[in-house]
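Enquirer: Next up, data_21.tsv (TSV, C-alpha atoms and all ligand atoms).
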```
chain	number	residue	atom	x	y	z
A	30	MET	CA	56.28	120.35	68.85
A	31	ALA	CA	59.11	122.53	70.20
A	32	GLU	CA	61.38	120.86	72.78
A	33	PRO	CA	60.19	121.95	76.24
A	34	LEU	CA	62.61	124.59	77.51
A	35	ILE	CA	63.09	122.61	80.71
A	36	PRO	CA	63.01	118.76	80.81
A	37	SER	CA	59.89	117.85	82.83
A	38	GLU	CA	61.81	115.59	85.21
A	39	THR	CA	64.19	118.45	86.05
A	40	LEU	CA	61.27	120.82	86.65
A	41	THR	CA	59.34	118.28	88.74
A	42	SER	CA	62.27	117.37	90.99
A	43	PHE	CA	63.11	121.06	91.44
A	44	HIS	CA	59.50	122.01	92.23
A	45	ASN	CA	59.23	119.11	94.69
A	46	PHE	CA	62.31	120.36	96.50
A	47	ILE	CA	61.44	124.08	96.65
A	48	THR	CA	57.93	123.30	97.94
A	49	SER	CA	59.27	120.87	100.55
A	50	SER	CA	60.14	121.63	104.18
A	51	ASN	CA	63.80	121.04	103.27
A	52	CYS	CA	63.88	124.33	101.38
A	53	LYS	CA	63.50	127.18	103.85
A	54	THR	CA	66.44	129.38	102.86
A	55	ILE	CA	67.39	130.45	99.32
A	56	LEU	CA	70.38	132.58	98.23
A	57	ALA	CA	70.51	133.95	94.67
A	58	LEU	CA	73.73	135.09	92.92
A	59	LEU	CA	73.10	137.24	89.85
A	60	GLY	CA	75.35	138.04	86.90
A	61	ALA	CA	75.27	139.93	83.61
A	62	GLY	CA	73.43	137.09	81.83
A	63	LEU	CA	70.23	138.03	83.72
A	64	SER	CA	70.25	141.50	82.13
A	65	SER	CA	71.21	140.37	78.66
A	66	ALA	CA	67.54	139.65	77.84
A	67	SER	CA	66.99	143.34	78.70
A	68	GLY	CA	69.50	144.27	76.00
A	69	LEU	CA	72.55	144.93	78.21
A	70	PRO	CA	75.85	143.34	77.13
A	71	THR	CA	77.61	140.73	79.30
A	72	PHE	CA	81.36	140.82	80.04
A	73	ARG	CA	82.19	137.60	78.18
A	74	GLY	CA	82.61	137.28	74.45
A	75	SER	CA	81.75	140.25	72.27
A	76	GLY	CA	79.88	141.84	75.18
A	77	GLY	CA	83.22	142.14	76.98
A	78	TYR	CA	84.33	144.91	74.63
A	79	TRP	CA	83.17	148.51	74.49
A	80	ARG	CA	84.42	150.01	71.24
A	81	HIS	CA	87.98	148.62	71.15
A	82	TYR	CA	88.41	148.64	74.92
A	83	ASN	CA	88.17	145.55	77.10
A	84	SER	CA	85.54	146.44	79.73
A	85	ILE	CA	87.58	144.81	82.50
A	86	ASP	CA	90.55	147.11	81.69
A	87	LEU	CA	88.35	150.21	82.00
A	88	ALA	CA	86.83	149.05	85.33
A	89	THR	CA	90.03	149.68	87.34
A	90	PRO	CA	91.37	152.53	89.55
A	91	ASP	CA	94.44	152.72	87.26
A	92	ALA	CA	92.34	153.37	84.18
A	93	PHE	CA	90.53	156.19	86.01
A	94	GLU	CA	93.85	157.60	87.22
A	95	ARG	CA	95.24	157.49	83.67
A	96	ASP	CA	92.23	158.89	81.78
A	97	PRO	CA	89.13	159.74	83.89
A	98	GLY	CA	87.48	161.21	80.77
A	99	LEU	CA	87.63	157.88	78.93
A	100	VAL	CA	86.36	155.94	81.95
A	101	TRP	CA	83.54	158.44	82.45
A	102	GLN	CA	82.49	158.08	78.79
A	103	PHE	CA	82.41	154.29	79.35
A	104	TYR	CA	80.24	154.59	82.46
A	105	SER	CA	78.03	157.29	80.92
A	106	TYR	CA	77.34	154.90	78.06
A	107	ARG	CA	76.44	152.11	80.49
A	108	ARG	CA	74.23	154.46	82.62
A	109	HIS	CA	72.45	155.56	79.45
A	110	MET	CA	71.90	151.97	78.29
A	111	ALA	CA	70.77	150.79	81.73
A	112	LEU	CA	68.26	153.68	82.02
A	113	ALA	CA	66.87	152.79	78.59
A	114	ALA	CA	66.61	149.08	79.49
A	115	LYS	CA	63.64	147.44	81.27
A	116	PRO	CA	63.65	144.70	83.89
A	117	ASN	CA	62.71	141.35	82.29
A	118	ALA	CA	60.60	138.42	83.53
A	119	GLY	CA	63.69	136.98	85.24
A	120	HIS	CA	64.15	140.14	87.34
A	121	GLN	CA	60.40	140.15	88.08
A	122	ALA	CA	60.36	136.48	89.18
A	123	LEU	CA	63.16	137.14	91.70
A	124	ALA	CA	61.46	140.33	92.88
A	125	GLN	CA	58.24	138.38	93.49
A	126	LEU	CA	60.17	135.69	95.39
A	127	SER	CA	61.67	138.47	97.55
A	128	HIS	CA	58.11	139.27	98.71
A	129	ASN	CA	57.35	135.66	99.72
A	130	ASP	CA	57.54	135.79	103.52
A	131	LYS	CA	57.45	131.99	103.79
A	132	ILE	CA	61.03	131.79	102.37
A	133	ASN	CA	64.27	133.16	103.87
A	134	PHE	CA	65.61	134.78	100.74
A	135	LEU	CA	68.54	136.99	99.81
A	136	THR	CA	69.78	138.17	96.42
A	137	ILE	CA	73.45	139.11	96.04
A	138	THR	CA	73.94	140.72	92.63
A	139	GLN	CA	77.11	141.41	90.68
A	140	ASN	CA	75.08	143.63	88.35
A	141	VAL	CA	75.38	147.39	88.70
A	142	ASP	CA	72.50	148.25	86.31
A	143	GLY	CA	69.74	148.80	88.89
A	144	LEU	CA	67.26	146.52	87.05
A	145	SER	CA	66.47	144.36	90.11
A	146	GLN	CA	65.43	147.47	92.05
A	147	ARG	CA	63.29	148.63	89.12
A	148	ALA	CA	61.55	145.23	89.20
A	149	ASN	CA	60.48	146.14	92.76
A	150	HIS	CA	62.80	143.61	94.39
A	151	ASN	CA	62.49	143.85	98.20
A	152	SER	CA	65.43	146.20	98.99
A	153	GLN	CA	65.93	144.49	102.38
A	154	LYS	CA	66.73	141.27	100.51
A	155	LEU	CA	69.02	142.70	97.81
A	156	ILE	CA	72.78	143.34	98.12
A	157	GLU	CA	74.67	145.06	95.28
A	158	LEU	CA	78.05	143.38	95.83
A	159	HIS	CA	79.76	145.43	93.10
A	160	GLY	CA	77.98	148.73	93.72
A	161	SER	CA	75.79	150.68	91.29
A	162	LEU	CA	76.19	152.78	88.11
A	163	PHE	CA	73.82	155.30	89.72
A	164	CYS	CA	75.86	155.85	92.89
A	165	LEU	CA	78.48	158.62	92.72
A	166	LYS	CA	81.41	159.09	95.11
A	167	CYS	CA	84.01	161.83	95.59
A	168	THR	CA	87.58	160.75	94.83
A	169	ASN	CA	89.03	163.33	97.20
A	170	PHE	CA	90.59	161.25	100.01
A	171	THR	CA	89.41	163.66	102.72
A	172	CYS	CA	85.86	164.03	101.39
A	173	SER	CA	83.14	161.46	102.18
A	174	TYR	CA	80.59	162.80	99.68
A	175	ARG	CA	78.39	160.04	98.25
A	176	ASP	CA	75.21	160.32	96.16
A	177	PRO	CA	73.51	156.87	96.37
A	178	ALA	CA	70.97	157.50	93.58
A	179	ASN	CA	71.86	159.87	90.77
A	180	PHE	CA	70.01	159.17	87.53
A	181	ASN	CA	70.98	162.34	85.68
A	182	ASP	CA	71.68	161.55	82.02
A	183	PRO	CA	73.89	163.15	80.85
A	184	LEU	CA	75.88	163.93	84.01
A	185	THR	CA	77.70	166.76	82.21
A	186	GLU	CA	77.31	168.23	78.72
A	187	SER	CA	80.44	166.44	77.45
A	188	LEU	CA	79.21	163.09	78.76
A	189	ASP	CA	76.14	162.96	76.53
A	190	ALA	CA	76.11	159.22	75.79
A	191	SER	CA	73.41	159.36	73.13
A	192	SER	CA	76.13	160.02	70.53
A	193	LEU	CA	78.10	157.05	71.89
A	194	VAL	CA	75.12	154.70	71.57
A	195	HIS	CA	74.68	155.14	67.87
A	196	ASP	CA	78.28	154.43	66.92
A	197	LYS	CA	79.29	152.00	69.67
A	198	ASP	CA	81.17	149.88	67.13
A	199	ASN	CA	83.03	152.93	65.83
A	200	LEU	CA	86.65	152.18	66.67
A	201	GLU	CA	87.83	155.75	66.29
A	202	ASP	CA	89.40	157.19	69.42
A	203	LEU	CA	87.05	159.12	71.64
A	204	PRO	CA	87.55	162.83	72.27
A	205	PHE	CA	89.91	163.52	75.20
A	206	LEU	CA	87.90	165.09	78.00
A	207	SER	CA	89.84	167.29	80.43
A	208	ASP	CA	88.82	167.22	84.11
A	209	ASP	CA	86.81	170.46	83.84
A	210	LYS	CA	84.41	168.57	81.54
A	211	LEU	CA	83.80	165.86	84.16
A	212	PRO	CA	81.47	165.69	87.19
A	213	HIS	CA	82.92	167.28	90.34
A	214	CYS	CA	82.00	166.94	94.00
A	215	PRO	CA	79.37	169.49	95.12
A	216	LEU	CA	80.66	169.20	98.71
A	217	CYS	CA	84.42	169.77	98.54
A	218	GLU	CA	84.13	171.34	95.06
A	219	THR	CA	87.60	170.10	94.16
A	220	GLY	CA	87.33	166.31	93.96
A	221	LEU	CA	86.37	164.49	90.77
A	222	LEU	CA	83.32	162.26	91.20
A	223	ARG	CA	83.63	158.59	90.25
A	224	PRO	CA	81.00	155.86	89.69
A	225	GLY	CA	80.09	154.07	92.97
A	226	VAL	CA	81.06	150.65	91.61
A	227	VAL	CA	83.74	148.23	92.90
A	228	TRP	CA	86.58	148.25	90.43
A	229	PHE	CA	88.88	145.26	89.86
A	230	GLY	CA	91.59	145.31	92.53
A	231	GLU	CA	89.31	147.14	94.96
A	232	SER	CA	87.77	145.34	97.93
A	233	LEU	CA	84.03	144.90	98.21
A	234	SER	CA	82.30	147.07	100.82
A	235	TRP	CA	82.66	145.24	104.11
A	236	VAL	CA	79.07	146.26	104.98
A	237	ASN	CA	77.79	144.16	102.05
A	238	VAL	CA	80.18	141.29	102.80
A	239	ASP	CA	79.12	141.35	106.47
A	240	LYS	CA	75.40	141.35	105.60
A	241	THR	CA	75.90	138.38	103.24
A	242	ASP	CA	78.03	136.44	105.72
A	243	GLU	CA	75.55	137.16	108.52
A	244	PHE	CA	72.65	135.83	106.37
A	245	MET	CA	74.64	132.65	105.66
A	246	MET	CA	75.55	132.22	109.32
A	247	ARG	CA	72.02	132.87	110.61
A	248	ASN	CA	70.39	130.49	108.09
A	249	HIS	CA	71.66	127.25	106.60
A	250	VAL	CA	71.35	127.96	102.88
A	251	ASP	CA	69.31	125.03	101.50
A	252	LEU	CA	69.38	126.24	97.89
A	253	MET	CA	71.56	128.61	95.85
A	254	LEU	CA	70.33	130.00	92.55
A	255	VAL	CA	73.33	130.80	90.29
A	256	ILE	CA	71.87	133.01	87.57
A	257	GLY	CA	73.52	134.28	84.38
A	258	THR	CA	77.05	134.35	85.74
A	259	SER	CA	80.31	132.81	84.50
A	260	GLY	CA	81.37	132.53	88.15
A	261	LEU	CA	84.85	133.83	87.29
A	262	VAL	CA	84.91	136.96	89.44
A	263	TRP	CA	85.99	136.74	93.08
A	264	PRO	CA	85.06	136.90	95.85
A	265	ALA	CA	81.43	136.83	94.50
A	266	ALA	CA	81.93	133.34	93.02
A	267	SER	CA	83.24	131.98	96.34
A	268	TYR	CA	79.70	131.88	97.78
A	269	ILE	CA	78.81	128.99	95.45
A	270	ASP	CA	81.44	126.70	96.98
A	271	ILE	CA	80.61	127.87	100.51
A	272	VAL	CA	76.98	126.77	100.03
A	273	LYS	CA	78.04	123.47	98.43
A	274	ASN	CA	80.48	122.79	101.30
A	275	GLN	CA	77.67	123.42	103.79
A	276	GLY	CA	75.57	120.75	102.03
A	277	GLY	CA	73.30	123.22	100.25
A	278	LYS	CA	71.91	122.40	96.81
A	279	VAL	CA	72.61	124.51	93.69
A	280	ALA	CA	70.47	125.38	90.66
A	281	VAL	CA	72.25	127.00	87.69
A	282	PHE	CA	70.44	129.20	85.14
A	283	ASN	CA	72.63	129.73	82.08
A	284	ILE	CA	72.56	129.47	78.28
A	285	GLU	CA	75.64	127.23	78.47
A	286	LYS	CA	75.60	123.73	80.00
A	287	ASP	CA	78.42	122.74	82.37
A	288	ASP	CA	79.00	119.06	81.64
A	289	THR	CA	81.39	118.75	84.60
A	290	ASP	CA	78.62	119.67	87.07
A	291	THR	CA	76.57	116.51	87.76
A	292	GLU	CA	75.22	117.68	91.15
A	293	SER	CA	73.31	120.86	90.37
A	294	TRP	CA	69.98	121.39	88.65
A	295	GLN	CA	70.90	123.02	85.33
A	296	PHE	CA	68.27	125.17	83.63
A	297	ILE	CA	69.77	125.74	80.18
A	298	GLY	CA	68.33	128.64	78.20
A	299	ASP	CA	67.51	132.31	78.50
A	300	CYS	CA	67.04	132.83	82.25
A	301	SER	CA	64.33	135.47	81.64
A	302	LYS	CA	62.28	132.44	80.47
A	303	THR	CA	63.59	129.62	82.68
A	304	LEU	CA	63.49	131.51	86.01
A	305	PRO	CA	59.71	132.27	86.05
A	306	MET	CA	59.02	128.59	85.17
A	307	ALA	CA	61.37	127.23	87.82
A	308	LEU	CA	60.18	129.57	90.59
A	309	LYS	CA	56.45	129.33	89.67
A	310	PRO	CA	55.28	127.45	92.84
A	311	LEU	CA	56.91	130.07	95.10
A	312	ILE	CA	55.78	133.04	92.99
A	313	ASP	CA	52.13	131.91	92.73
A	314	GLN	CA	52.09	131.91	96.55
A	315	VAL	CA	53.03	135.64	96.42
A	316	ASN	CA	50.42	136.53	93.78
A	317	LEU	CA	47.78	134.53	95.67
A	318	SER	CA	48.56	136.25	98.99
A	319	SER	CA	48.64	139.72	97.36
A	320	GLU	CA	45.28	139.02	95.71
A	321	LEU	CA	43.73	137.84	98.96
A	401	LIG	C1	89.36	142.12	95.00
A	401	LIG	C2	81.73	146.50	88.87
A	401	LIG	C3	91.10	142.40	96.48
A	401	LIG	C4	82.42	147.37	87.90
A	401	LIG	C5	82.86	144.31	88.79
A	401	LIG	C6	90.86	134.98	93.11
A	401	LIG	C7	91.07	134.27	91.97
A	401	LIG	C8	91.22	134.97	90.74
A	401	LIG	C9	91.13	136.36	90.68
A	401	LIG	C10	90.92	137.04	91.82
A	401	LIG	C11	90.79	136.35	93.03
A	401	LIG	N1	90.57	137.29	93.97
A	401	LIG	C12	90.56	138.53	93.41
A	401	LIG	C13	90.78	138.40	92.10
A	401	LIG	C14	90.83	139.49	91.17
A	401	LIG	C15	89.46	139.95	90.64
A	401	LIG	C16	88.84	138.88	89.82
A	401	LIG	O1	87.97	138.15	90.26
A	401	LIG	N2	89.28	138.84	88.56
A	401	LIG	C17	88.68	137.89	87.59
A	401	LIG	C18	88.43	138.63	86.29
A	401	LIG	C19	89.55	136.72	87.39
A	401	LIG	N3	88.58	140.34	91.74
A	401	LIG	C20	88.66	141.61	92.16
A	401	LIG	O2	89.43	142.45	91.74
A	401	LIG	C21	87.71	141.99	93.29
A	401	LIG	N4	88.41	142.73	94.28
A	401	LIG	O3	89.61	140.95	94.94
A	401	LIG	O4	90.00	142.98	95.81
A	401	LIG	C22	91.33	143.22	97.57
A	401	LIG	C23	91.10	142.70	98.79
A	401	LIG	C24	91.41	143.47	99.86
A	401	LIG	C25	91.94	144.75	99.65
A	401	LIG	C26	92.12	145.26	98.38
A	401	LIG	C27	91.79	144.50	97.30
A	401	LIG	C28	86.60	142.96	92.78
A	401	LIG	C29	85.74	142.27	91.80
A	401	LIG	C30	84.60	143.22	91.34
A	401	LIG	C31	84.94	143.92	90.07
A	401	LIG	N5	83.80	144.74	89.60
A	401	LIG	N6	81.80	145.10	88.43
A	401	LIG	C32	81.72	147.41	86.55
A	401	LIG	O5	80.76	146.66	86.36
A	401	LIG	O6	82.14	148.23	85.73
A	401	LIG	S1	82.94	142.69	88.18
A	401	LIG	C33	81.88	142.67	86.79
A	401	LIG	O7	82.34	141.61	86.00
A	401	LIG	C34	80.45	142.35	87.08
A	401	LIG	O8	79.98	142.98	88.24
A	401	LIG	C35	80.50	140.83	87.23
A	401	LIG	O9	80.87	140.48	88.50
A	401	LIG	C36	81.64	140.44	86.32
A	401	LIG	C37	81.12	139.82	85.08
A	401	LIG	O10	80.81	138.51	85.42
A	401	LIG	P1	79.33	137.93	85.09
A	401	LIG	O11	78.32	138.82	85.67
A	401	LIG	O12	79.37	136.52	85.48
A	401	LIG	O13	79.21	138.11	83.51
A	401	LIG	P2	79.96	137.30	82.38
A	401	LIG	O14	79.81	138.11	81.16
A	401	LIG	O15	81.31	136.90	82.85
A	401	LIG	O16	79.10	135.96	82.23
A	401	LIG	C38	77.77	136.04	81.79
A	401	LIG	C39	77.21	134.63	81.95
A	401	LIG	O17	75.82	134.66	81.64
A	401	LIG	C40	77.86	133.61	81.04
A	401	LIG	O18	78.06	132.41	81.77
A	401	LIG	C41	76.81	133.41	79.93
A	401	LIG	O19	76.85	132.09	79.42
A	401	LIG	C42	75.52	133.66	80.69
A	401	LIG	N7	74.41	134.19	79.90
A	401	LIG	C43	74.46	135.10	78.89
A	401	LIG	N8	73.18	135.39	78.46
A	401	LIG	C44	72.33	134.65	79.24
A	401	LIG	C45	73.11	133.90	80.17
A	401	LIG	N9	72.57	133.07	81.08
A	401	LIG	C46	71.20	132.97	81.08
A	401	LIG	N10	70.38	133.69	80.25
A	401	LIG	C47	70.91	134.52	79.31
A	401	LIG	N11	70.09	135.20	78.50
```
Using the file provided, produce a representation of the structure as structure tokens.
Expert:
Amino acid sequence: MAEPLIPSETLTSFHNFITSSNCKTILALLGAGLSSASGLPTFRGSGGYWRHYNSIDLATPDAFERDPGLVWQFYSYRRHMALAAKPNAGHQALAQLSHNDKINFLTITQNVDGLSQRANHNSQKLIELHGSLFCLKCTNFTCSYRDPANFNDPLTESLDASSLVHDKDNLEDLPFLSDDKLPHCPLCETGLLRPGVVWFGESLSWVNVDKTDEFMMRNHVDLMLVIGTSGLVWPAASYIDIVKNQGGKVAVFNIEKDDTDTESWQFIGDCSKTLPMALKPLIDQVNLSSEL
């Protein structure tokens, strides 16, 4: 008989805690591993490369300054892939938990793929710390144009990603795209548009940081779910230590085990499978109430 995905003693002790009066407030931190079961690459390992470019190098203001056409082809490819992807059972489990009014719950996601929203996650309880692939902003310093939800694919004729999908491992250089081939601001009509994501070296939106800090100040976080993230990107990763230092408990959902972490619950395996099992007692409550 196949080894149970989650050791029963781990599942029992976790279920006892999340159904106890000691677990009123839960904070979830999401990373690329949650969307990998939906077919989207992570940033670590082979997923960290797009063609022969390191994704982290393309996700910077300098890269956009140097070659906005290349960066737009990168983001058009990711928009195309994210639109073709579907939320998985992990996204759905968190979305269901976000509709459980008995729990103070907040999800802070590092993912920019929009899959949590498409799983009907309660938008009041979801913060996109690193922005979204489907938000567009004008780069003109004096123009405040912002389109929060643009799902056009392609954005311009030259940014048709379907060709990029089929030969993503092709290491040939991409065609150079001059600015006139790229999306421009409909308001000021001069500025180039850029993806509404937080690039490396850019600060997170203080609105999102404030909302997260306010949630953590208003509620003592009893449990933090750390889901499909390497915890290497800051300041997102800093919330894990803040919760630990406040005496909160941590549950990690990852395919890799961290042998140095003896405190946290560790759910090792594909989180699209482990999350629904771990959150079952709190999700059933939602289904029950919605059926009633
Ligand atoms: C800033 C949007 C300053 C764009 C992203 C302190 C220490 C060290 C470095 C820094 C520091 N402070 C700041 C820095 C620099 C930098 C940083 O953290 N660098 C890292 C690389 C060391 N931080 C910044 O630049 C931040 N800005 O600090 O500004 C500032 C302040 C004031 C004024 C001006 C400036 C901005 C960071 C945000 C960058 N934008 N995304 C885009 O996506 O294109 S980050 C991006 O990469 C993602 O959003 C995500 O956050 C990150 C990838 O990490 P993960 O999601 O964790 O994914 P990863 O692939 O790493 O891991 C996947 C995990 O899942 C693995 O553990 C794997 O085992 C697991 N897994 C895989 N499959 C599964 C699974 N688990 C379960 N189930 C599976 N099926």
Enquirer: Kindly provide, as a PyMOL selection string, all nucleotide and amino acid residues lying within 7 Å of ligand LIG 401 (chain A), counting only C-alpha atoms and all ligand atoms.
Expert: chain A and resi 59-63+65-66+71-73+77+88+139-141+159-160+226-233+256-264+282-285+298-301
Enquirer: Can you write just those residues out, C-alpha atoms, as a PDB file, keeping the file's coordinate frame?
Expert:
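out05.pdb, written as the output of this step:
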```pdb
ATOM      1  CA  LEU A  59      73.100 137.240  89.850  1.00  0.00           C
ATOM      2  CA  GLY A  60      75.350 138.040  86.900  1.00  0.00           C
ATOM      3  CA  ALA A  61      75.270 139.930  83.610  1.00  0.00           C
ATOM      4  CA  GLY A  62      73.430 137.090  81.830  1.00  0.00           C
ATOM      5  CA  LEU A  63      70.230 138.030  83.720  1.00  0.00           C
ATOM      6  CA  SER A  65      71.210 140.370  78.660  1.00  0.00           C
ATOM      7  CA  ALA A  66      67.540 139.650  77.840  1.00  0.00           C
ATOM      8  CA  THR A  71      77.610 140.730  79.300  1.00  0.00           C
ATOM      9  CA  PHE A  72      81.360 140.820  80.040  1.00  0.00           C
ATOM     10  CA  ARG A  73      82.190 137.600  78.180  1.00  0.00           C
ATOM     11  CA  GLY A  77      83.220 142.140  76.980  1.00  0.00           C
ATOM     12  CA  ALA A  88      86.830 149.050  85.330  1.00  0.00           C
ATOM     13  CA  GLN A 139      77.110 141.410  90.680  1.00  0.00           C
ATOM     14  CA  ASN A 140      75.080 143.630  88.350  1.00  0.00           C
ATOM     15  CA  VAL A 141      75.380 147.390  88.700  1.00  0.00           C
ATOM     16  CA  HIS A 159      79.760 145.430  93.100  1.00  0.00           C
ATOM     17  CA  GLY A 160      77.980 148.730  93.720  1.00  0.00           C
ATOM     18  CA  VAL A 226      81.060 150.650  91.610  1.00  0.00           C
ATOM     19  CA  VAL A 227      83.740 148.230  92.900  1.00  0.00           C
ATOM     20  CA  TRP A 228      86.580 148.250  90.430  1.00  0.00           C
ATOM     21  CA  PHE A 229      88.880 145.260  89.860  1.00  0.00           C
ATOM     22  CA  GLY A 230      91.590 145.310  92.530  1.00  0.00           C
ATOM     23  CA  GLU A 231      89.310 147.140  94.960  1.00  0.00           C
ATOM     24  CA  SER A 232      87.770 145.340  97.930  1.00  0.00           C
ATOM     25  CA  LEU A 233      84.030 144.900  98.210  1.00  0.00           C
ATOM     26  CA  ILE A 256      71.870 133.010  87.570  1.00  0.00           C
ATOM     27  CA  GLY A 257      73.520 134.280  84.380  1.00  0.00           C
ATOM     28  CA  THR A 258      77.050 134.350  85.740  1.00  0.00           C
ATOM     29  CA  SER A 259      80.310 132.810  84.500  1.00  0.00           C
ATOM     30  CA  GLY A 260      81.370 132.530  88.150  1.00  0.00           C
ATOM     31  CA  LEU A 261      84.850 133.830  87.290  1.00  0.00           C
ATOM     32  CA  VAL A 262      84.910 136.960  89.440  1.00  0.00           C
ATOM     33  CA  TRP A 263      85.990 136.740  93.080  1.00  0.00           C
ATOM     34  CA  PRO A 264      85.060 136.900  95.850  1.00  0.00           C
ATOM     35  CA  PHE A 282      70.440 129.200  85.140  1.00  0.00           C
ATOM     36  CA  ASN A 283      72.630 129.730  82.080  1.00  0.00           C
ATOM     37  CA  ILE A 284      72.560 129.470  78.280  1.00  0.00           C
ATOM     38  CA  GLU A 285      75.640 127.230  78.470  1.00  0.00           C
ATOM     39  CA  GLY A 298      68.330 128.640  78.200  1.00  0.00           C
ATOM     40  CA  ASP A 299      67.510 132.310  78.500  1.00  0.00           C
ATOM     41  CA  CYS A 300      67.040 132.830  82.250  1.00  0.00           C
ATOM     42  CA  SER A 301      64.330 135.470  81.640  1.00  0.00           C
TER      43      SER A 301
END
```
Enquirer: Could you list, as a PyMOL selection string, every residue within 8 Å of segment 179-195 of chain A, counting only C-alpha atoms and ignoring same-chain residues fewer than 5 positions away?
Expert: chain A and resi 101-102+105-106+108-110+112+163-165+206+210-212
Enquirer: Restricting the calculation to all atoms listed in the file, which member of A:Ser67, A:Ser127, A:Asn133, A:Asn45 is positioned closest to Phe244 of chain A?
Expert: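 Closest residue, counting all atoms listed in the file: A:Asn133.
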Enquirer: Name the closest residue to Ile85 of chain A among the candidates A:Val100, A:Val272, A:Ile156, A:Val279; distances are taken between atoms, counting all atoms listed in the file.
Expert: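 Residue with the minimum atom-to-atom distance to Ile85 of chain A: A:Val100.
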Enquirer: Hey, which of A:Thr241, A:Ser84, A:Asn117, A:Asn129 ends up closest to Leu99 of chain A? Count all atoms listed in the file.
Expert: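 Among the listed residues, the smallest separation from Leu99 of chain A belongs to A:Ser84.
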Enquirer: Looking at A:Ser207, A:Thr291, A:Thr219, A:Gln121, which one is nearest to Cys167 of chain A, with distances taken over all atoms listed in the file?
Expert: A:Thr219
Enquirer: One decimal, in Å: what's the spacing between atom CA of Lys131 of chain A and atom CA of Ser42 of chain A?
Expert: 20.0 Å
Enquirer: Between A:Asp176, A:Gly277, A:Lys115, A:Ala122, which one has atoms that come closest to Met306 of chain A, using only C-alpha atoms?
Expert: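 Closest residue, counting only C-alpha atoms: A:Ala122.
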Enquirer: So how far away is atom CA of Ala265 of chain A from atom CA of Trp235 of chain A, in Å?
Expert: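 Interatomic distance, atom CA of Trp235 of chain A to atom CA of Ala265 of chain A: 12.8 Å.
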Enquirer: Could you check how far atom CA of Thr136 of chain A sits from atom CA of Leu69 of chain A, in Å to one decimal?
Expert: 19.6 Å
